[in-house]
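K.L.:
Shown below is the structure under consideration.
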Amino acid sequence: MIRIATFNLENLFTRPVAMNQDNDADGRQAIEDHATANAIVSKDVYSAADKATLAALSEKYKWHLLNAPKNALVQLQKIRGKLFRKPQNAPVQVVANGRGDWVGWFELRREDVSWKATYNSGRVISEVSPDILIAVEVENRPTLNRFNDQVLKTEFDAAYPHVMVIDGNDERGIDLGIFSKFPIVEIRSHVDDADDAGNKIFSRDCPEFDIILPGDKRLVVLPNHLKSKRNGNDQDSQDRRQQQAEQVNKIAKEGLRRTDFVLIGGDMNDTPASRPLQSLFSDGFVDVISHPNYPTDRPGTFQTGLAGNKIDYLIMSPALRDKLRDTGIERRGSYHPRTWEPFDTVTKTSEEASDHHLVWADFDL
């Protein structure tokens, strides 16, 4: 029996402060400002409107100050040249005329995740003990290796021999990784997949990991983290998520040329009946929610597990579905004591492994 799982870890050791604000609107705005500033400064030539936007943002975050505040949610990293000038008794000015005039970028300020939260992330994984784990929202491969060695191995004797992350398109350090007890023999990235207008499709990536299971069986795993609703769920957001799902479906069908066993997993940021996700359930692909052992009282995988919070998936090709023997959700790393009993090491929200729940499935492969 092979156990496969998916878990949104919400970063293991550090996390953008903007994503942990008590006032979620403030965090969303900082994330938008970060994206806006970086999009502008990447241009070859800055227009008057671009400069006005940068100047206004600098007034907000104080990037132009020699000793800029260290607690700003968005911070300027300047290597060479000059971007801003603040004359005495005059507004902030943008003195760079384009990308070639200076070297630098904007970053979201990060803070350390509490040790107890990191420990409980390891505990969730250890309790379920998947053979293959899709890891969503991880910083990078060195971080995943550090977690594997210093938490899974040292604290739980549950390290994996194969660990991989491909950095994606998200500048916040929110990437997709995989832990595997079996060899990963091929890796493909889709960070550069683009639509007809030349826009990159994936907010992160849709990496392909070809894994060789016992008996020389090949499994293709496609971790995903589709467009978030964090900045709202307007039509553009839904269209983007649908475009991503359709591309994932194309990649999955291509994977069927290599093996009958293809699995799409991760955080899709939408519910099973939503329009944007329907292509994921075409061509015979189904989610593990279809198994009779899947929890029906609380099918959700986020926060309190209500149906409207079903956003994490293990979506199987037809042949893989025929091999499904059991499935479940591990919620005890999330702190909702009135709804279920958490681990004894999870005594408050700040100690949660994640506000997502780990979804697992057993396959007779």
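Going through the structure tokens in order, the chains are called A, B, and so on, while each chain numbers its residues from 1 and the ligands are numbered from 1 in the order shown.
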Within 8 Å of region 6-26 of chain A, which residues of region 188-289 of chain A come that close, and what is the closest atom pair and distance in Å for each? Count only C-alpha atoms and give it as a Markdown table.
P.N.:
| residue | atom | partner | partner_atom | distance |
| --- | --- | --- | --- | --- |
| A:Gly265 | CA | A:Thr6 | CA | 6.4 |
| A:Gly266 | CA | A:Thr6 | CA | 5.7 |
| A:Asp267 | CA | A:Asn8 | CA | 6.9 |
K.L.:
Excluding same-chain residues fewer than 6 positions from region 330-347 of chain A, what lies within 10 Å of it counting only C-alpha atoms, as a ChimeraX atom specification?
P.N.:
/A:7,116-117,119-125,127-128,301-305,353-360
K.L.:
So that I have them on file, write out the residues from the current selection with C-alpha atoms, as a PDB file, in the first residue's frame.
P.N.:
ATOM      1  CA  PHE A   7      -0.519  19.539   3.000  1.00  0.00           C
ATOM      2  CA  LYS A 116       5.825  25.132  18.064  1.00  0.00           C
ATOM      3  CA  ALA A 117       4.055  25.689  14.743  1.00  0.00           C
ATOM      4  CA  TYR A 119       7.171  21.297  15.280  1.00  0.00           C
ATOM      5  CA  ASN A 120       3.454  20.629  14.871  1.00  0.00           C
ATOM      6  CA  SER A 121       3.848  20.653  11.091  1.00  0.00           C
ATOM      7  CA  GLY A 122       6.296  17.814  11.548  1.00  0.00           C
ATOM      8  CA  ARG A 123       3.955  16.071  13.954  1.00  0.00           C
ATOM      9  CA  VAL A 124       1.076  16.117  11.468  1.00  0.00           C
ATOM     10  CA  ILE A 125       3.285  14.573   8.798  1.00  0.00           C
ATOM     11  CA  GLU A 127       1.296  10.918  12.460  1.00  0.00           C
ATOM     12  CA  VAL A 128       0.028  10.296   8.930  1.00  0.00           C
ATOM     13  CA  THR A 301      -9.843  21.019   4.360  1.00  0.00           C
ATOM     14  CA  PHE A 302      -9.403  24.548   5.710  1.00  0.00           C
ATOM     15  CA  GLN A 303     -10.256  26.242   9.009  1.00  0.00           C
ATOM     16  CA  THR A 304     -13.274  24.428  10.543  1.00  0.00           C
ATOM     17  CA  GLY A 305     -13.681  21.976   7.669  1.00  0.00           C
ATOM     18  CA  ALA A 353       0.796  23.523  12.015  1.00  0.00           C
ATOM     19  CA  SER A 354      -1.448  25.178   9.445  1.00  0.00           C
ATOM     20  CA  ASP A 355      -5.010  26.389   9.048  1.00  0.00           C
ATOM     21  CA  HIS A 356      -5.218  23.792   6.275  1.00  0.00           C
ATOM     22  CA  HIS A 357      -5.632  20.083   6.998  1.00  0.00           C
ATOM     23  CA  LEU A 358      -3.592  17.243   5.571  1.00  0.00           C
ATOM     24  CA  VAL A 359      -5.488  15.056   3.078  1.00  0.00           C
ATOM     25  CA  TRP A 360      -4.228  11.493   2.567  1.00  0.00           C
TER      26      TRP A 360
END
K.L.:
DSSP on the backbone, strand (DSSP E or B) only: what residues of region 59-232 of chain A does that give? Format it as a PyMOL selection string.
P.N.:
chain A and resi 74-81+84-85+93-94+102-108+110-112+132-138+162-166+175-180+184-188+194+200+208-213+217-225
K.L.:
Could you save those same residues with C-alpha atoms as a PDB file, in the first residue's frame?
P.N.:
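Output file again_25.pdb is given in full below:
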ATOM      1  CA  VAL A  74       7.095  46.106   2.126  1.00  0.00           C
ATOM      2  CA  GLN A  75      10.800  46.909   2.070  1.00  0.00           C
ATOM      3  CA  LEU A  76      13.186  48.244  -0.566  1.00  0.00           C
ATOM      4  CA  GLN A  77      16.385  46.343  -1.288  1.00  0.00           C
ATOM      5  CA  LYS A  78      18.734  48.666  -3.205  1.00  0.00           C
ATOM      6  CA  ILE A  79      22.077  47.416  -4.523  1.00  0.00           C
ATOM      7  CA  ARG A  80      23.307  50.172  -6.861  1.00  0.00           C
ATOM      8  CA  GLY A  81      22.149  53.542  -8.125  1.00  0.00           C
ATOM      9  CA  PHE A  84      14.262  58.109  -4.764  1.00  0.00           C
ATOM     10  CA  ARG A  85      15.215  61.581  -3.659  1.00  0.00           C
ATOM     11  CA  GLN A  93      10.863  62.303  -6.263  1.00  0.00           C
ATOM     12  CA  VAL A  94      11.695  59.268  -8.378  1.00  0.00           C
ATOM     13  CA  TRP A 102      19.551  51.374 -10.612  1.00  0.00           C
ATOM     14  CA  VAL A 103      19.663  47.820  -9.255  1.00  0.00           C
ATOM     15  CA  GLY A 104      17.224  46.708  -6.607  1.00  0.00           C
ATOM     16  CA  TRP A 105      13.777  45.315  -5.812  1.00  0.00           C
ATOM     17  CA  PHE A 106      10.993  45.258  -3.235  1.00  0.00           C
ATOM     18  CA  GLU A 107      10.465  42.488  -0.703  1.00  0.00           C
ATOM     19  CA  LEU A 108       7.706  41.569   1.715  1.00  0.00           C
ATOM     20  CA  ARG A 110       9.271  38.206   6.726  1.00  0.00           C
ATOM     21  CA  GLU A 111       9.116  36.996  10.303  1.00  0.00           C
ATOM     22  CA  ASP A 112      10.003  33.723  11.939  1.00  0.00           C
ATOM     23  CA  ILE A 132       4.733  10.733  -0.864  1.00  0.00           C
ATOM     24  CA  LEU A 133       3.778  14.189   0.380  1.00  0.00           C
ATOM     25  CA  ILE A 134       2.891  17.208  -1.749  1.00  0.00           C
ATOM     26  CA  ALA A 135       4.098  20.260   0.175  1.00  0.00           C
ATOM     27  CA  VAL A 136       2.321  23.539  -0.614  1.00  0.00           C
ATOM     28  CA  GLU A 137       3.609  26.981   0.442  1.00  0.00           C
ATOM     29  CA  VAL A 138       7.240  26.149   1.152  1.00  0.00           C
ATOM     30  CA  HIS A 162      14.071  12.412  -1.626  1.00  0.00           C
ATOM     31  CA  VAL A 163      13.102  16.081  -1.262  1.00  0.00           C
ATOM     32  CA  MET A 164      12.592  18.556  -4.102  1.00  0.00           C
ATOM     33  CA  VAL A 165      11.310  22.088  -4.714  1.00  0.00           C
ATOM     34  CA  ILE A 166      11.293  24.071  -7.952  1.00  0.00           C
ATOM     35  CA  ASP A 175       6.546  27.392  -3.779  1.00  0.00           C
ATOM     36  CA  LEU A 176       5.587  23.764  -4.317  1.00  0.00           C
ATOM     37  CA  GLY A 177       7.643  20.820  -3.142  1.00  0.00           C
ATOM     38  CA  ILE A 178       7.539  17.104  -2.637  1.00  0.00           C
ATOM     39  CA  PHE A 179       8.779  14.552  -0.110  1.00  0.00           C
ATOM     40  CA  SER A 180       9.157  10.998  -1.375  1.00  0.00           C
ATOM     41  CA  ILE A 184      12.191  10.983  -8.307  1.00  0.00           C
ATOM     42  CA  VAL A 185      13.528  10.188 -11.780  1.00  0.00           C
ATOM     43  CA  GLU A 186      12.226  13.076 -13.905  1.00  0.00           C
ATOM     44  CA  ILE A 187      11.242  16.668 -13.144  1.00  0.00           C
ATOM     45  CA  ARG A 188       9.533  19.193 -15.408  1.00  0.00           C
ATOM     46  CA  ALA A 194       1.920  31.276 -21.264  1.00  0.00           C
ATOM     47  CA  LYS A 200       2.408  33.395 -17.630  1.00  0.00           C
ATOM     48  CA  GLU A 208       5.797  17.376 -12.792  1.00  0.00           C
ATOM     49  CA  PHE A 209       7.531  14.764 -10.653  1.00  0.00           C
ATOM     50  CA  ASP A 210       7.925  11.284 -12.132  1.00  0.00           C
ATOM     51  CA  ILE A 211       8.374   8.807  -9.282  1.00  0.00           C
ATOM     52  CA  ILE A 212       9.313   5.146  -9.636  1.00  0.00           C
ATOM     53  CA  LEU A 213       7.364   2.985  -7.190  1.00  0.00           C
ATOM     54  CA  LYS A 217       5.573   1.405 -11.609  1.00  0.00           C
ATOM     55  CA  ARG A 218       5.717   5.061 -12.634  1.00  0.00           C
ATOM     56  CA  LEU A 219       3.615   7.697 -10.889  1.00  0.00           C
ATOM     57  CA  VAL A 220       3.347  11.278 -12.173  1.00  0.00           C
ATOM     58  CA  VAL A 221       2.570  13.804  -9.425  1.00  0.00           C
ATOM     59  CA  LEU A 222       1.480  17.351 -10.289  1.00  0.00           C
ATOM     60  CA  PRO A 223       1.566  19.644  -7.216  1.00  0.00           C
ATOM     61  CA  ASN A 224      -0.488  22.804  -7.592  1.00  0.00           C
ATOM     62  CA  HIS A 225      -1.438  26.009  -5.807  1.00  0.00           C
TER      63      HIS A 225
END
K.L.:
Give me, as a PDB file with C-alpha atoms, in the first residue's frame, all polymer residues having an atom no more than 7 Å from region 310-314 of chain A, counting only C-alpha atoms and skipping those fewer than 2 positions away in the same chain.
P.N.:
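Listing of around24.pdb after writing:
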ATOM      1  CA  LEU A 263      -2.137  12.474  -9.545  1.00  0.00           C
ATOM      2  CA  ILE A 264      -3.001  16.191  -9.333  1.00  0.00           C
ATOM      3  CA  GLY A 265      -2.705  17.490  -5.788  1.00  0.00           C
ATOM      4  CA  GLY A 266      -2.499  20.607  -3.691  1.00  0.00           C
ATOM      5  CA  ASP A 267      -4.417  23.767  -2.795  1.00  0.00           C
ATOM      6  CA  MET A 268      -6.823  24.721  -5.586  1.00  0.00           C
ATOM      7  CA  ASN A 269      -8.339  27.664  -3.667  1.00  0.00           C
ATOM      8  CA  ASP A 270     -11.879  26.807  -4.708  1.00  0.00           C
ATOM      9  CA  THR A 271     -14.646  24.289  -4.071  1.00  0.00           C
ATOM     10  CA  ASP A 287     -10.944  13.667  -6.308  1.00  0.00           C
ATOM     11  CA  VAL A 288     -10.600  11.324  -3.324  1.00  0.00           C
ATOM     12  CA  PRO A 299     -15.560  17.604   3.928  1.00  0.00           C
ATOM     13  CA  GLY A 300     -13.611  20.867   4.035  1.00  0.00           C
ATOM     14  CA  THR A 301      -9.843  21.019   4.360  1.00  0.00           C
ATOM     15  CA  PHE A 302      -9.403  24.548   5.710  1.00  0.00           C
ATOM     16  CA  ALA A 307     -18.026  22.179   2.837  1.00  0.00           C
ATOM     17  CA  GLY A 308     -17.296  25.719   1.650  1.00  0.00           C
ATOM     18  CA  MET A 316      -6.710  10.810  -9.536  1.00  0.00           C
TER      19      MET A 316
END
K.L.:
Please give the complete set of residues from region 66-293 of chain A that DSSP, run on the backbone, assigns to helix (DSSP H, G or I), formatted as a ChimeraX atom specification.
P.N.:
/A:99-101,115-128,141-156,214-216,235-255,275-281,288-290
K.L.:
Set the distance at 9 Å and use only C-alpha atoms: which residues neighbour Gln278 (chain A) once local chain neighbours fewer than 4 positions away are removed? I'd like the list as a PDB file with N, CA and C atoms, in the first residue's frame.
P.N.:
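New file selection-v4.pdb:
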ATOM      1  N   GLN A 242      -9.490  29.404 -13.496  1.00  0.00           N
ATOM      2  CA  GLN A 242      -9.988  28.480 -14.511  1.00  0.00           C
ATOM      3  C   GLN A 242      -8.936  28.223 -15.581  1.00  0.00           C
ATOM      4  N   ALA A 245      -6.449  25.826 -14.119  1.00  0.00           N
ATOM      5  CA  ALA A 245      -6.987  24.472 -14.025  1.00  0.00           C
ATOM      6  C   ALA A 245      -7.014  23.793 -15.392  1.00  0.00           C
ATOM      7  N   GLU A 246      -7.383  24.535 -16.420  1.00  0.00           N
ATOM      8  CA  GLU A 246      -7.416  23.962 -17.768  1.00  0.00           C
ATOM      9  C   GLU A 246      -6.018  23.559 -18.226  1.00  0.00           C
ATOM     10  N   PRO A 272     -15.269  22.105  -5.013  1.00  0.00           N
ATOM     11  CA  PRO A 272     -15.409  21.145  -6.112  1.00  0.00           C
ATOM     12  C   PRO A 272     -16.426  21.539  -7.176  1.00  0.00           C
ATOM     13  N   ALA A 273     -17.505  22.206  -6.778  1.00  0.00           N
ATOM     14  CA  ALA A 273     -18.547  22.549  -7.751  1.00  0.00           C
ATOM     15  C   ALA A 273     -18.296  23.877  -8.446  1.00  0.00           C
ATOM     16  N   SER A 274     -17.228  24.566  -8.092  1.00  0.00           N
ATOM     17  CA  SER A 274     -16.974  25.876  -8.679  1.00  0.00           C
ATOM     18  C   SER A 274     -16.652  25.773 -10.160  1.00  0.00           C
ATOM     19  N   SER A 282     -12.454  16.419 -15.421  1.00  0.00           N
ATOM     20  CA  SER A 282     -12.839  15.892 -16.726  1.00  0.00           C
ATOM     21  C   SER A 282     -11.909  14.749 -17.106  1.00  0.00           C
TER      22      SER A 282
END
K.L.:
Which of these, A:Ile31, A:Lys86, A:Asp193, A:Asn140, has the shortest distance to Leu66 (chain A) once you count only C-alpha atoms?
P.N.:
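Ranking A:Ile31, A:Lys86, A:Asp193, A:Asn140 by distance to Leu66 (chain A), first place goes to A:Lys86.
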K.L.:
Do you have the CA of Glu32 (chain A)-CA of Arg141 (chain A) distance handy?
P.N.:
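Atom-to-atom, CA of Glu32 (chain A) to CA of Arg141 (chain A), that is 25.9 Å.
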K.L.:
Which residues are near Asn97 (chain A)? Cut-off 8 Å, only C-alpha atoms, ignore same chain within fewer than 5 positions. Put them as a PyMOL selection string.
P.N.:
chain A and resi 45-47
K.L.:
Write out as a ChimeraX atom specification each polymer residue whose atoms come within 8 Å of Ala361 (chain A), counting only C-alpha atoms; drop sequence neighbours fewer than 4 positions from it.
P.N.:
/A:3-5,288,314,324-328
K.L.:
From the list A:Phe261, A:Arg204, A:Gln238, A:Leu277, which residue is nearest Leu365 (chain A) when using only C-alpha atoms?
P.N.:
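Comparing A:Phe261, A:Arg204, A:Gln238, A:Leu277 against Leu365 (chain A), the winner is A:Phe261.
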K.L.:
So which one's closest to Asp101 (chain A), A:Lys70, A:His64, A:Lys181, A:Lys43? Using only C-alpha atoms, please.
P.N.:
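That would be A:Lys43, the residue with the smallest distance to Asp101 (chain A).
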K.L.:
Which of these, A:Leu320, A:Gly255, A:Pro207, A:Leu306, has the shortest distance to Gly284 (chain A) once you count only C-alpha atoms?
P.N.:
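Answer, going by the shortest atom-to-atom distance: A:Leu320.
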